[in-house]
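Just below is one structure, and these are the notes that go with it.
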Amino acid sequence: MTLAAALAGFLDAIVGGGGLILVPALFSAFPGAAPATLFGTNKGAAVWGTAWATQQYARRVTMNWRTLGPAAGAALTGGFLGAWAVTQVPGQGLRRVLPFVLLVVFVYTLAKKDLGHTHAPHLGAGAERAAAGVIGAVLGFYDGFFGPGTGSFFVFLFVRVLGYDFLHASAGAKFLNTATNVAALALFASGGHVWWHLALPMAVANVVGSLLGARLALKRGSRFVRGVFILVVGALILRTGYDAFNDPSLRYKPPSTDSATKL
């Protein structure tokens with residue numbers, strides 16, 4: 001599990017998507033455990049890696065805290081609301097829509113060859129704060145309600161809407177993703193759904209992987225981050241598509257004929 005946590009931290013630090021590695025590893029290692037406990041344990045490990053990556057980026061990349069600070073607050077609030085909403089409304093419909101949304105992001109990024117190569121924020125200060133706040137609130141809610149690909153969505157929207165390059169977008173995404181992870185972890189922990197004896201050793205490995213991933217991204221720059229982003233989104237399309245259309249609970253079930261037979 002520590003190796004999976006380290007690889008997840010490495011990937012998360014570059015562009016997000018660490019859940020592609022750590023969550024399946026947890027479910028494979030503990031097939032009889034409650035899903036909430038495994039998700040909570042995942043958050044208990046991952047939050048430290050995203051926080052550490054944020055610190056690493058902040059030392060080398062100029063981060064607009066006047067924009068990112070309020071956006072992180074919005075993401076935190078959205079995360080709490082999303083986690084509450086998932087207890088009230090089933091998320092099966094969103095599960096089937098997600099692969100197609102990711103496919104749009106994938107195709108758009110491939111088509112726009114220069115997307116995210118240049119850091120050129122084009123909004124005024126107030127407009128940028130408002131846009132980042134909306135992004136934070138919406139994706140914070142999504143992360144609490146469902147979750148897959150949150151970090152990659154943050155990166156894409158920071159590039160597309162705010163005009164950031166992939167490196168600055170990844171830096172900002174780490175900060176907001178830390179906020180959504182904190183919200184989710186607080187809720188899981190309050191319900192006793194975190195195995196701390198497992199989460200803490202994995203957190204150490206996650207931080208080590210995060211350190212290596214952040215250093216590589218900072219060294220290689222935006223083009224490298226863009227390439228990893230495309231690979232991660234492609235993997236997310238395959239994973240979420242498989243999950244959505246191979247879940248027995250989402251398949252059509254014909255009406256029961258038991259009552260007719262009894263008659």
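Residue numbering restarts at 1 in every chain; chains get A, B, ... in the order shown in the structure tokens, and ligands count up from 1 in that same order.
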For the contact check between segment 169-243 of chain A and segment 117-121 of chain A, emit one row per residue of segment 169-243 of chain A within 9 Å, containing the shortest atom pair and the distance in Å rounded to one decimal, counting only C-alpha atoms, chain then rising number order, as JSON lines.
```
{"residue": "A:Ser222", "atom": "CA", "partner": "A:His117", "partner_atom": "CA", "distance": 5.9}
{"residue": "A:Arg223", "atom": "CA", "partner": "A:His117", "partner_atom": "CA", "distance": 6.3}
{"residue": "A:Arg226", "atom": "CA", "partner": "A:His117", "partner_atom": "CA", "distance": 8.1}
```
Which residues are close to Asp143 of chain A, i.e. within 12 Å by only C-alpha atoms, leaving aside same-chain residues fewer than 2 positions away? Reply as a ChimeraX atom specification.
/A:19,39,43,75-86,91,135-141,145-154,176-185
Taking 5 positions as the minimum chain separation for residues in the same chain, which residues sit within 6 Å of Gly40 of chain A when counting only C-alpha atoms? Answer as number ranges by chain.
A: 188, 193-194
Quick check for you: according to DSSP on this backbone, which residues of segment 25-212 of chain A are classed as alpha helix (DSSP H)? Reply as a ChimeraX atom specification.
/A:25-29,35-60,65-85,92-111,125-145,150-160,166-190,196-212
Residues near Gly18 of chain A, cut-off 7 Å, only C-alpha atoms, skip fewer than 3 positions along chain, as number ranges by chain:
A: 8-9, 11-12, 21-22
Just to be explicit: take each residue in the selection above, keep N, CA, C and O atoms, and write the result as a PDB file, in the first residue's frame.
```pdb
ATOM      1  N   ALA A   8       0.668   7.395  -6.224  1.00  0.00           N
ATOM      2  CA  ALA A   8      -0.477   8.308  -6.265  1.00  0.00           C
ATOM      3  C   ALA A   8      -0.040   9.738  -5.963  1.00  0.00           C
ATOM      4  O   ALA A   8      -0.472  10.691  -6.626  1.00  0.00           O
ATOM      5  N   GLY A   9       0.834   9.913  -4.972  1.00  0.00           N
ATOM      6  CA  GLY A   9       1.333  11.242  -4.652  1.00  0.00           C
ATOM      7  C   GLY A   9       2.130  11.833  -5.794  1.00  0.00           C
ATOM      8  O   GLY A   9       2.032  13.033  -6.085  1.00  0.00           O
ATOM      9  N   LEU A  11       1.785  11.218  -9.056  1.00  0.00           N
ATOM     10  CA  LEU A  11       0.874  11.623 -10.123  1.00  0.00           C
ATOM     11  C   LEU A  11       0.044  12.829  -9.716  1.00  0.00           C
ATOM     12  O   LEU A  11      -0.131  13.774 -10.503  1.00  0.00           O
ATOM     13  N   ASP A  12      -0.450  12.822  -8.487  1.00  0.00           N
ATOM     14  CA  ASP A  12      -1.259  13.937  -7.996  1.00  0.00           C
ATOM     15  C   ASP A  12      -0.491  15.252  -8.046  1.00  0.00           C
ATOM     16  O   ASP A  12      -1.052  16.296  -8.360  1.00  0.00           O
ATOM     17  N   ILE A  21      -4.795   5.260  -8.823  1.00  0.00           N
ATOM     18  CA  ILE A  21      -3.870   4.252  -8.317  1.00  0.00           C
ATOM     19  C   ILE A  21      -4.258   3.784  -6.924  1.00  0.00           C
ATOM     20  O   ILE A  21      -4.407   2.584  -6.666  1.00  0.00           O
ATOM     21  N   LEU A  22      -4.454   4.736  -6.008  1.00  0.00           N
ATOM     22  CA  LEU A  22      -4.608   4.378  -4.603  1.00  0.00           C
ATOM     23  C   LEU A  22      -5.966   3.770  -4.272  1.00  0.00           C
ATOM     24  O   LEU A  22      -6.055   2.803  -3.504  1.00  0.00           O
TER      25      LEU A  22
END
```
Residue nearest Ala46 of chain A - candidates A:Phe158, A:Phe27, A:Trp65, A:Phe10, atoms counted: only C-alpha atoms:
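Result for the nearest residue to Ala46 of chain A: A:Phe10.
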Would you kindly return, as a tab-separated table (two decimals) with C-alpha atoms, in the first residue's frame, each protein, DNA or RNA residue with an atom no farther than 9 Å from any atom of Ala217 of chain A, considering only C-alpha atoms and excluding same-chain residues fewer than 5 positions away?
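Result saved to out-v6.tsv:
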```tsv
chain	number	residue	atom	x	y	z
A	13	ALA	CA	1.59	16.42	-7.64
A	14	ILE	CA	1.95	16.76	-11.40
A	15	VAL	CA	-1.62	16.96	-12.60
A	167	LEU	CA	2.32	24.65	-14.55
A	212	LEU	CA	9.34	13.90	-6.50
A	222	SER	CA	4.18	23.37	-18.76
A	224	PHE	CA	5.50	18.21	-19.65
A	225	VAL	CA	2.51	18.85	-17.37
```
